[in-house]
>>> print(open('data.csv').read())   # CSV, N, CA and C atoms
chain,number,residue,atom,x,y,z
Z,909,MET,N,52.4,-175.9,32.2
Z,909,MET,CA,53.6,-175.6,31.5
Z,909,MET,C,53.5,-176.2,30.1
Z,910,PRO,N,53.8,-175.4,29.1
Z,910,PRO,CA,53.8,-176.0,27.7
Z,910,PRO,C,54.9,-177.0,27.5
Z,911,ALA,N,54.6,-177.9,26.6
Z,911,ALA,CA,55.5,-179.0,26.2
Z,911,ALA,C,56.7,-178.4,25.5
Z,912,LYS,N,57.9,-179.0,25.7
Z,912,LYS,CA,59.1,-178.6,25.0
Z,912,LYS,C,59.0,-179.0,23.6
Z,913,ARG,N,59.3,-178.0,22.7
Z,913,ARG,CA,59.2,-178.3,21.2
Z,913,ARG,C,60.3,-179.3,20.8
Z,914,VAL,N,59.9,-180.3,20.0
Z,914,VAL,CA,60.9,-181.2,19.5
Z,914,VAL,C,60.7,-181.3,18.0
Z,915,CYS,N,61.8,-181.7,17.3
Z,915,CYS,CA,61.7,-181.9,15.9
Z,915,CYS,C,61.3,-183.4,15.6
Z,916,LEU,N,60.9,-183.7,14.4
Z,916,LEU,CA,60.5,-185.0,14.1
Z,916,LEU,C,61.6,-186.0,14.2
Z,917,LEU,N,62.8,-185.6,13.9
Z,917,LEU,CA,64.0,-186.5,14.0
Z,917,LEU,C,64.2,-186.9,15.5
Z,918,THR,N,64.0,-185.9,16.4
Z,918,THR,CA,64.2,-186.2,17.8
Z,918,THR,C,63.1,-187.1,18.3
Z,919,ALA,N,61.9,-186.9,17.9
Z,919,ALA,CA,60.8,-187.8,18.2
Z,919,ALA,C,61.0,-189.2,17.8
Z,920,ILE,N,61.4,-189.4,16.5
Z,920,ILE,CA,61.7,-190.7,15.9
Z,920,ILE,C,62.8,-191.4,16.7
Z,921,THR,N,63.9,-190.6,17.0
Z,921,THR,CA,65.0,-191.1,17.7
Z,921,THR,C,64.6,-191.6,19.1
Z,922,ALA,N,63.8,-190.9,19.8
Z,922,ALA,CA,63.3,-191.3,21.1
Z,922,ALA,C,62.5,-192.6,21.0
Z,923,MET,N,61.6,-192.6,20.0
Z,923,MET,CA,60.8,-193.8,19.9
Z,923,MET,C,61.6,-195.0,19.5
Z,924,ALA,N,62.6,-194.8,18.6
Z,924,ALA,CA,63.5,-195.9,18.2
Z,924,ALA,C,64.3,-196.4,19.4
Z,925,LEU,N,64.8,-195.5,20.2
Z,925,LEU,CA,65.5,-195.9,21.4
Z,925,LEU,C,64.6,-196.7,22.4
Z,926,ALA,N,63.4,-196.3,22.5
Z,926,ALA,CA,62.4,-197.0,23.4
Z,926,ALA,C,62.2,-198.4,22.8
Z,927,ALA,N,62.1,-198.5,21.5
Z,927,ALA,CA,61.9,-199.8,20.8
Z,927,ALA,C,63.2,-200.7,21.1
Z,928,ARG,N,64.3,-200.1,20.9
Z,928,ARG,CA,65.6,-200.9,21.1
Z,928,ARG,C,65.8,-201.3,22.5
Z,929,ILE,N,65.6,-200.4,23.5
Z,929,ILE,CA,65.9,-200.7,24.9
Z,929,ILE,C,64.9,-201.6,25.5
Z,930,HIS,N,63.6,-201.2,25.3
Z,930,HIS,CA,62.5,-202.0,26.0
Z,930,HIS,C,61.9,-203.1,25.2
Z,931,GLY,N,61.9,-202.9,23.9
Z,931,GLY,CA,61.4,-203.9,23.0
Z,931,GLY,C,59.9,-204.3,23.2
Z,932,THR,N,59.1,-203.3,23.5
Z,932,THR,CA,57.7,-203.5,23.7
Z,932,THR,C,56.9,-202.5,22.9
Z,933,ASP,N,55.7,-202.9,22.6
Z,933,ASP,CA,54.7,-201.9,21.9
Z,933,ASP,C,54.4,-200.8,22.9
Z,934,LYS,N,54.2,-201.2,24.2
Z,934,LYS,CA,53.9,-200.2,25.2
Z,934,LYS,C,54.9,-199.1,25.3
Z,935,ALA,N,56.2,-199.5,25.3
Z,935,ALA,CA,57.3,-198.5,25.4
Z,935,ALA,C,57.3,-197.5,24.2
Z,936,VAL,N,57.1,-198.0,23.0
Z,936,VAL,CA,57.0,-197.2,21.9
Z,936,VAL,C,55.8,-196.2,21.9
Z,937,MET,N,54.7,-196.7,22.4
Z,937,MET,CA,53.5,-195.9,22.5
Z,937,MET,C,53.7,-194.8,23.5
Z,938,MET,N,54.2,-195.2,24.7
Z,938,MET,CA,54.3,-194.2,25.8
Z,938,MET,C,55.3,-193.1,25.4
Z,939,THR,N,56.4,-193.5,24.7
Z,939,THR,CA,57.3,-192.5,24.2
Z,939,THR,C,56.7,-191.6,23.2
Z,940,GLY,N,55.9,-192.2,22.3
Z,940,GLY,CA,55.1,-191.4,21.4
Z,940,GLY,C,54.2,-190.3,22.0
Z,941,TYR,N,53.5,-190.7,23.1
Z,941,TYR,CA,52.7,-189.8,23.8
Z,941,TYR,C,53.5,-188.7,24.4
Z,942,ARG,N,54.7,-189.0,24.9
Z,942,ARG,CA,55.5,-187.9,25.5
Z,942,ARG,C,56.0,-186.9,24.5
Z,943,VAL,N,56.3,-187.3,23.3
Z,943,VAL,CA,56.9,-186.4,22.3
Z,943,VAL,C,55.8,-185.7,21.5
Z,944,LEU,N,54.6,-186.3,21.5
Z,944,LEU,CA,53.5,-185.8,20.6
Z,944,LEU,C,53.2,-184.3,20.9
Z,945,ALA,N,53.1,-184.0,22.1
Z,945,ALA,CA,52.7,-182.6,22.5
Z,945,ALA,C,53.7,-181.6,22.0
Z,946,GLY,N,55.0,-181.9,21.9
Z,946,GLY,CA,56.0,-181.0,21.5
Z,946,GLY,C,56.2,-180.9,20.0
Z,947,LEU,N,55.6,-181.8,19.3
Z,947,LEU,CA,55.7,-181.8,17.8
Z,947,LEU,C,54.9,-180.8,17.1
Z,948,SER,N,55.3,-180.3,16.0
Z,948,SER,CA,54.5,-179.4,15.1
Z,948,SER,C,53.3,-180.2,14.6
Z,949,PRO,N,52.2,-179.6,14.5
Z,949,PRO,CA,51.0,-180.3,14.0
Z,949,PRO,C,51.2,-181.0,12.7
Z,950,ALA,N,52.1,-180.5,11.9
Z,950,ALA,CA,52.4,-181.1,10.6
Z,950,ALA,C,53.0,-182.5,10.7
Z,951,TYR,N,53.8,-182.7,11.8
Z,951,TYR,CA,54.5,-184.0,12.0
Z,951,TYR,C,53.8,-184.9,12.9
Z,952,GLN,N,52.7,-184.5,13.6
Z,952,GLN,CA,52.0,-185.4,14.5
Z,952,GLN,C,51.4,-186.6,13.8
Z,953,PRO,N,50.9,-186.5,12.6
Z,953,PRO,CA,50.4,-187.8,12.0
Z,953,PRO,C,51.5,-188.9,11.8
Z,954,VAL,N,52.7,-188.5,11.6
Z,954,VAL,CA,53.8,-189.5,11.5
Z,954,VAL,C,53.9,-190.3,12.8
Z,955,VAL,N,53.9,-189.6,13.9
Z,955,VAL,CA,54.0,-190.3,15.2
Z,955,VAL,C,52.8,-191.1,15.5
Z,956,LEU,N,51.6,-190.5,15.2
Z,956,LEU,CA,50.3,-191.1,15.5
Z,956,LEU,C,50.2,-192.4,14.7
Z,957,ALA,N,50.7,-192.4,13.4
Z,957,ALA,CA,50.6,-193.6,12.6
Z,957,ALA,C,51.4,-194.7,13.2
Z,958,ILE,N,52.6,-194.4,13.8
Z,958,ILE,CA,53.4,-195.4,14.5
Z,958,ILE,C,52.6,-195.9,15.7
Z,959,MET,N,52.1,-195.0,16.5
Z,959,MET,CA,51.5,-195.4,17.8
Z,959,MET,C,50.2,-196.2,17.5
Z,960,ASN,N,49.5,-195.9,16.5
Z,960,ASN,CA,48.2,-196.5,16.2
Z,960,ASN,C,48.3,-197.8,15.4
Z,961,ALA,N,49.5,-198.1,15.0
Z,961,ALA,CA,49.7,-199.4,14.2
Z,961,ALA,C,49.3,-200.6,15.1
Z,962,PRO,N,49.0,-201.7,14.4
Z,962,PRO,CA,48.6,-202.9,15.2
Z,962,PRO,C,49.8,-203.3,16.1
Z,963,SER,N,51.0,-203.1,15.6
Z,963,SER,CA,52.2,-203.4,16.4
Z,963,SER,C,53.1,-202.2,16.3
Z,964,PRO,N,53.1,-201.3,17.3
Z,964,PRO,CA,53.9,-200.1,17.2
Z,964,PRO,C,55.4,-200.4,17.2
Z,965,LEU,N,55.8,-201.5,17.9
Z,965,LEU,CA,57.2,-201.9,17.9
Z,965,LEU,C,57.7,-202.3,16.5
Z,966,ALA,N,56.9,-203.2,15.8
Z,966,ALA,CA,57.2,-203.6,14.5
Z,966,ALA,C,57.2,-202.5,13.5
Z,967,HIS,N,56.2,-201.6,13.6
Z,967,HIS,CA,56.1,-200.4,12.7
Z,967,HIS,C,57.4,-199.5,12.9
Z,968,MET,N,57.8,-199.3,14.2
Z,968,MET,CA,58.9,-198.4,14.4
Z,968,MET,C,60.2,-199.1,13.8
Z,969,ASN,N,60.3,-200.4,14.0
Z,969,ASN,CA,61.5,-201.0,13.5
Z,969,ASN,C,61.6,-200.9,12.0
Z,970,LEU,N,60.4,-201.1,11.3
Z,970,LEU,CA,60.3,-201.0,9.9
Z,970,LEU,C,60.6,-199.5,9.4
Z,971,TYR,N,60.1,-198.6,10.1
Z,971,TYR,CA,60.3,-197.2,9.8
Z,971,TYR,C,61.8,-196.8,9.9
Z,972,VAL,N,62.5,-197.2,10.9
Z,972,VAL,CA,63.9,-196.9,11.1
Z,972,VAL,C,64.7,-197.7,10.0
Z,973,ALA,N,64.3,-198.9,9.7
Z,973,ALA,CA,65.1,-199.7,8.7
Z,973,ALA,C,65.0,-199.1,7.3
Z,974,ASN,N,63.9,-198.3,7.1
Z,974,ASN,CA,63.7,-197.7,5.8
Z,974,ASN,C,64.1,-196.2,5.7
Z,975,LEU,N,64.7,-195.7,6.7
Z,975,LEU,CA,65.2,-194.3,6.7
Z,975,LEU,C,66.3,-194.2,5.6
Z,976,PRO,N,66.3,-193.1,4.9
Z,976,PRO,CA,67.3,-192.9,3.9
Z,976,PRO,C,68.7,-192.8,4.6
Z,977,GLN,N,69.7,-193.3,3.9
Z,977,GLN,CA,71.1,-193.3,4.4
Z,977,GLN,C,71.6,-191.9,4.8
Z,978,HIS,N,71.2,-190.8,4.0
Z,978,HIS,CA,71.7,-189.5,4.3
Z,978,HIS,C,71.1,-189.0,5.7
Z,979,ILE,N,69.9,-189.5,6.1
Z,979,ILE,CA,69.4,-189.1,7.4
Z,979,ILE,C,70.2,-189.8,8.5
Z,980,LEU,N,70.5,-191.1,8.3
Z,980,LEU,CA,71.3,-191.8,9.3
Z,980,LEU,C,72.7,-191.3,9.5
Z,981,GLU,N,73.2,-190.6,8.4
Z,981,GLU,CA,74.6,-190.1,8.5
Z,981,GLU,C,74.7,-188.6,8.7
Z,982,MET,N,73.6,-188.0,9.1
Z,982,MET,CA,73.6,-186.5,9.2
Z,982,MET,C,74.6,-186.1,10.3
Z,983,LYS,N,75.2,-185.0,10.0
Z,983,LYS,CA,76.1,-184.4,11.0
Z,983,LYS,C,75.4,-183.2,11.6
Z,984,VAL,N,75.5,-183.1,12.9
Z,984,VAL,CA,74.8,-182.0,13.6
Z,984,VAL,C,75.8,-180.8,13.5
Z,985,SER,N,75.3,-179.7,13.0
Z,985,SER,CA,76.1,-178.6,12.8
Z,985,SER,C,76.3,-177.8,14.0
Z,986,LYS,N,75.4,-177.8,14.9
Z,986,LYS,CA,75.5,-177.1,16.2
Z,986,LYS,C,75.0,-178.0,17.3
Z,987,PRO,N,75.8,-178.4,18.2
Z,987,PRO,CA,75.4,-179.3,19.3
Z,987,PRO,C,74.4,-178.7,20.2
Z,988,ALA,N,73.5,-179.5,20.8
Z,988,ALA,CA,72.6,-179.0,21.8
Z,988,ALA,C,73.3,-178.6,23.0
Z,989,LEU,N,73.2,-177.4,23.4
Z,989,LEU,CA,73.9,-176.9,24.6
Z,989,LEU,C,73.7,-177.6,25.9
Z,990,PRO,N,72.4,-178.1,26.2
Z,990,PRO,CA,72.3,-178.8,27.5
Z,990,PRO,C,73.1,-180.1,27.5
Z,991,LEU,N,73.3,-180.7,26.4
Z,991,LEU,CA,74.1,-182.0,26.3
Z,991,LEU,C,75.5,-181.7,26.5
Z,992,LEU,N,76.0,-180.5,26.3
Z,992,LEU,CA,77.5,-180.3,26.5
Z,992,LEU,C,77.8,-180.3,28.0
Z,993,ASP,N,76.9,-180.0,28.8
Z,993,ASP,CA,77.2,-180.0,30.3
Z,993,ASP,C,76.8,-181.3,31.0
Z,994,ALA,N,76.4,-182.3,30.2
Z,994,ALA,CA,75.8,-183.5,30.8
Z,994,ALA,C,76.9,-184.3,31.6
Z,995,ALA,N,78.1,-184.3,31.1
Z,995,ALA,CA,79.2,-185.0,31.8
Z,995,ALA,C,79.9,-184.3,32.9
Z,996,ILE,N,79.6,-183.0,33.0
Z,996,ILE,CA,80.3,-182.2,34.0
Z,996,ILE,C,79.6,-182.3,35.3
Z,997,PRO,N,80.3,-182.8,36.4
Z,997,PRO,CA,79.7,-182.9,37.7
Z,997,PRO,C,79.3,-181.5,38.2
Z,998,ALA,N,78.2,-181.4,39.0
Z,998,ALA,CA,77.8,-180.1,39.5
Z,998,ALA,C,78.6,-179.7,40.7
>>> encode(input="data.csv", output="structure tokens")
Amino acid sequence: MPAKRVCLLTAITAMALAARIHGTDKAVMMTGYRVLAGLSPAYQPVVLAIMNAPSPLAHMNLYVANLPQHILEMKVSKPALPLLDAAIPA
């Protein structure tokens, strides 16, 4: 089964959450491996640079700390449909 396509912002968000929640290099690397297959080849070097850093956790924290403010304040124009049903019991 082919990997689900993800955008770079989704990949970075997932890796940042792994860094924040688990606080380990391994968690950041494992999350990177999970999202790597779904990324466009043009964006894979960004994720690989984080994963291959001497300390992926420190690199991820630095990467997020230096994101432009307009990226951090982006408004989603169209919500992801699967997330709309997440709170509705089956």
>>> atom_distance(input="data.csv", atom1="atom C of Leu970 of chain Z", atom2="atom N of Val936 of chain Z")
14.1 Å
>>> residues_around(input="data.csv", residues="Leu944 of chain Z", least_positions_apart="6", cutoff="8 Å", atoms="all atoms listed in the file", output="short mmCIF file (atom, residue, chain, number, x, y, z; two decimals) with N, CA and C atoms, keeping the file's coordinate frame")
data_model
loop_
_atom_site.label_atom_id
_atom_site.label_comp_id
_atom_site.auth_asym_id
_atom_site.auth_seq_id
_atom_site.Cartn_x
_atom_site.Cartn_y
_atom_site.Cartn_z
N ALA Z 911 54.60 -177.90 26.60
CA ALA Z 911 55.50 -179.00 26.20
C ALA Z 911 56.70 -178.40 25.50
N VAL Z 914 59.90 -180.30 20.00
CA VAL Z 914 60.90 -181.20 19.50
C VAL Z 914 60.70 -181.30 18.00
N ALA Z 919 61.90 -186.90 17.90
CA ALA Z 919 60.80 -187.80 18.20
C ALA Z 919 61.00 -189.20 17.80
N MET Z 938 54.20 -195.20 24.70
CA MET Z 938 54.30 -194.20 25.80
C MET Z 938 55.30 -193.10 25.40
N TYR Z 951 53.80 -182.70 11.80
CA TYR Z 951 54.50 -184.00 12.00
C TYR Z 951 53.80 -184.90 12.90
N GLN Z 952 52.70 -184.50 13.60
CA GLN Z 952 52.00 -185.40 14.50
C GLN Z 952 51.40 -186.60 13.80
N VAL Z 955 53.90 -189.60 13.90
CA VAL Z 955 54.00 -190.30 15.20
C VAL Z 955 52.80 -191.10 15.50
N LEU Z 956 51.60 -190.50 15.20
CA LEU Z 956 50.30 -191.10 15.50
C LEU Z 956 50.20 -192.40 14.70
#
>>> atom_distance(input="data.csv", atom1="atom CA of Gln977 of chain Z", atom2="atom CA of Val954 of chain Z")
19.1 Å
>>> atom_distance(input="data.csv", atom1="atom C of Thr932 of chain Z", atom2="atom N of Leu965 of chain Z")
5.2 Å
>>> closest_residue(input="data.csv", among="Z:Val943, Z:Met968, Z:Ala961, Z:Leu980", to="Ala924 of chain Z", atoms="only N, CA and C atoms")
Z:Met968
>>> axis_aligned_box(input="data.csv", around="segment 925-936 of chain Z", padding_each_side="6 Å", output="JSON")
{"center_x": 59.9, "center_y": -199.9, "center_z": 23.1, "size_x": 24.0, "size_y": 20.8, "size_z": 17.8}
>>> closest_residue(input="data.csv", among="Z:Ala935, Z:Ile929, Z:Met959, Z:Leu916", to="Ile979 of chain Z", atoms="only C-alpha atoms")
Z:Leu916
>>> closest_residue(input="data.csv", among="Z:Met937, Z:Ser948, Z:Glu981, Z:Ala957", to="Cys915 of chain Z", atoms="only C-alpha atoms")
Z:Ser948
>>> closest_residue(input="data.csv", among="Z:Ala966, Z:Ile958, Z:Val972, Z:Leu917", to="Tyr941 of chain Z", atoms="only C-alpha atoms")
Z:Ile958
>>> build_atoms(input="data.csv", residues="segment 927-938 of chain Z", atoms="all heavy atoms", output="PDB file, in the frame of the given file")
ATOM      1  N   ALA Z 927      62.100-198.500  21.500  1.00  0.00           N
ATOM      2  CA  ALA Z 927      61.900-199.800  20.800  1.00  0.00           C
ATOM      3  C   ALA Z 927      63.200-200.700  21.100  1.00  0.00           C
ATOM      4  O   ALA Z 927      63.033-201.908  21.407  1.00  0.00           O
ATOM      5  CB  ALA Z 927      61.707-199.655  19.339  1.00  0.00           C
ATOM      6  N   ARG Z 928      64.300-200.100  20.900  1.00  0.00           N
ATOM      7  CA  ARG Z 928      65.600-200.900  21.100  1.00  0.00           C
ATOM      8  C   ARG Z 928      65.800-201.300  22.500  1.00  0.00           C
ATOM      9  O   ARG Z 928      66.192-202.444  22.833  1.00  0.00           O
ATOM     10  CB  ARG Z 928      66.739-200.061  20.561  1.00  0.00           C
ATOM     11  CG  ARG Z 928      68.080-200.651  20.728  1.00  0.00           C
ATOM     12  CD  ARG Z 928      68.301-201.778  19.778  1.00  0.00           C
ATOM     13  NE  ARG Z 928      69.655-202.270  19.954  1.00  0.00           N
ATOM     14  CZ  ARG Z 928      70.183-203.185  19.226  1.00  0.00           C
ATOM     15  NH1 ARG Z 928      69.512-203.711  18.249  1.00  0.00           N
ATOM     16  NH2 ARG Z 928      71.398-203.594  19.444  1.00  0.00           N
ATOM     17  N   ILE Z 929      65.600-200.400  23.500  1.00  0.00           N
ATOM     18  CA  ILE Z 929      65.900-200.700  24.900  1.00  0.00           C
ATOM     19  C   ILE Z 929      64.900-201.600  25.500  1.00  0.00           C
ATOM     20  O   ILE Z 929      65.222-202.532  26.192  1.00  0.00           O
ATOM     21  CB  ILE Z 929      66.055-199.328  25.648  1.00  0.00           C
ATOM     22  CG1 ILE Z 929      67.294-198.564  25.164  1.00  0.00           C
ATOM     23  CG2 ILE Z 929      66.140-199.571  27.149  1.00  0.00           C
ATOM     24  CD1 ILE Z 929      67.360-197.126  25.633  1.00  0.00           C
ATOM     25  N   HIS Z 930      63.600-201.200  25.300  1.00  0.00           N
ATOM     26  CA  HIS Z 930      62.500-202.000  26.000  1.00  0.00           C
ATOM     27  C   HIS Z 930      61.900-203.100  25.200  1.00  0.00           C
ATOM     28  O   HIS Z 930      61.479-204.075  25.754  1.00  0.00           O
ATOM     29  CB  HIS Z 930      61.452-200.987  26.473  1.00  0.00           C
ATOM     30  CG  HIS Z 930      61.959-199.925  27.388  1.00  0.00           C
ATOM     31  ND1 HIS Z 930      62.316-200.167  28.693  1.00  0.00           N
ATOM     32  CD2 HIS Z 930      62.183-198.602  27.182  1.00  0.00           C
ATOM     33  CE1 HIS Z 930      62.732-199.058  29.261  1.00  0.00           C
ATOM     34  NE2 HIS Z 930      62.667-198.091  28.364  1.00  0.00           N
ATOM     35  N   GLY Z 931      61.900-202.900  23.900  1.00  0.00           N
ATOM     36  CA  GLY Z 931      61.400-203.900  23.000  1.00  0.00           C
ATOM     37  C   GLY Z 931      59.900-204.300  23.200  1.00  0.00           C
ATOM     38  O   GLY Z 931      59.550-205.425  22.976  1.00  0.00           O
ATOM     39  N   THR Z 932      59.100-203.300  23.500  1.00  0.00           N
ATOM     40  CA  THR Z 932      57.700-203.500  23.700  1.00  0.00           C
ATOM     41  C   THR Z 932      56.900-202.500  22.900  1.00  0.00           C
ATOM     42  O   THR Z 932      57.308-201.352  22.766  1.00  0.00           O
ATOM     43  CB  THR Z 932      57.264-203.509  25.178  1.00  0.00           C
ATOM     44  OG1 THR Z 932      57.451-202.192  25.702  1.00  0.00           O
ATOM     45  CG2 THR Z 932      58.044-204.516  26.004  1.00  0.00           C
ATOM     46  N   ASP Z 933      55.700-202.900  22.600  1.00  0.00           N
ATOM     47  CA  ASP Z 933      54.700-201.900  21.900  1.00  0.00           C
ATOM     48  C   ASP Z 933      54.400-200.800  22.900  1.00  0.00           C
ATOM     49  O   ASP Z 933      54.332-199.649  22.512  1.00  0.00           O
ATOM     50  CB  ASP Z 933      53.423-202.653  21.555  1.00  0.00           C
ATOM     51  CG  ASP Z 933      53.581-203.598  20.380  1.00  0.00           C
ATOM     52  OD1 ASP Z 933      54.493-203.375  19.554  1.00  0.00           O
ATOM     53  OD2 ASP Z 933      52.790-204.546  20.274  1.00  0.00           O
ATOM     54  N   LYS Z 934      54.200-201.200  24.200  1.00  0.00           N
ATOM     55  CA  LYS Z 934      53.900-200.200  25.200  1.00  0.00           C
ATOM     56  C   LYS Z 934      54.900-199.100  25.300  1.00  0.00           C
ATOM     57  O   LYS Z 934      54.612-197.888  25.412  1.00  0.00           O
ATOM     58  CB  LYS Z 934      53.609-200.819  26.523  1.00  0.00           C
ATOM     59  CG  LYS Z 934      53.136-199.854  27.581  1.00  0.00           C
ATOM     60  CD  LYS Z 934      52.829-200.555  28.885  1.00  0.00           C
ATOM     61  CE  LYS Z 934      52.382-199.534  29.914  1.00  0.00           C
ATOM     62  NZ  LYS Z 934      52.065-200.167  31.201  1.00  0.00           N
ATOM     63  N   ALA Z 935      56.200-199.500  25.300  1.00  0.00           N
ATOM     64  CA  ALA Z 935      57.300-198.500  25.400  1.00  0.00           C
ATOM     65  C   ALA Z 935      57.300-197.500  24.200  1.00  0.00           C
ATOM     66  O   ALA Z 935      57.472-196.300  24.422  1.00  0.00           O
ATOM     67  CB  ALA Z 935      58.614-199.186  25.544  1.00  0.00           C
ATOM     68  N   VAL Z 936      57.100-198.000  23.000  1.00  0.00           N
ATOM     69  CA  VAL Z 936      57.000-197.200  21.900  1.00  0.00           C
ATOM     70  C   VAL Z 936      55.800-196.200  21.900  1.00  0.00           C
ATOM     71  O   VAL Z 936      55.970-195.019  21.673  1.00  0.00           O
ATOM     72  CB  VAL Z 936      56.961-198.031  20.571  1.00  0.00           C
ATOM     73  CG1 VAL Z 936      56.784-197.150  19.341  1.00  0.00           C
ATOM     74  CG2 VAL Z 936      58.221-198.874  20.433  1.00  0.00           C
ATOM     75  N   MET Z 937      54.700-196.700  22.400  1.00  0.00           N
ATOM     76  CA  MET Z 937      53.500-195.900  22.500  1.00  0.00           C
ATOM     77  C   MET Z 937      53.700-194.800  23.500  1.00  0.00           C
ATOM     78  O   MET Z 937      53.315-193.654  23.313  1.00  0.00           O
ATOM     79  CB  MET Z 937      52.265-196.748  22.778  1.00  0.00           C
ATOM     80  CG  MET Z 937      51.803-197.569  21.600  1.00  0.00           C
ATOM     81  SD  MET Z 937      50.369-198.585  21.983  1.00  0.00           S
ATOM     82  CE  MET Z 937      49.169-197.339  22.384  1.00  0.00           C
ATOM     83  N   MET Z 938      54.200-195.200  24.700  1.00  0.00           N
ATOM     84  CA  MET Z 938      54.300-194.200  25.800  1.00  0.00           C
ATOM     85  C   MET Z 938      55.300-193.100  25.400  1.00  0.00           C
ATOM     86  O   MET Z 938      55.127-191.934  25.700  1.00  0.00           O
ATOM     87  CB  MET Z 938      54.792-194.899  27.063  1.00  0.00           C
ATOM     88  CG  MET Z 938      53.755-195.854  27.634  1.00  0.00           C
ATOM     89  SD  MET Z 938      52.147-195.092  27.959  1.00  0.00           S
ATOM     90  CE  MET Z 938      52.570-193.972  29.265  1.00  0.00           C
TER      91      MET Z 938
END
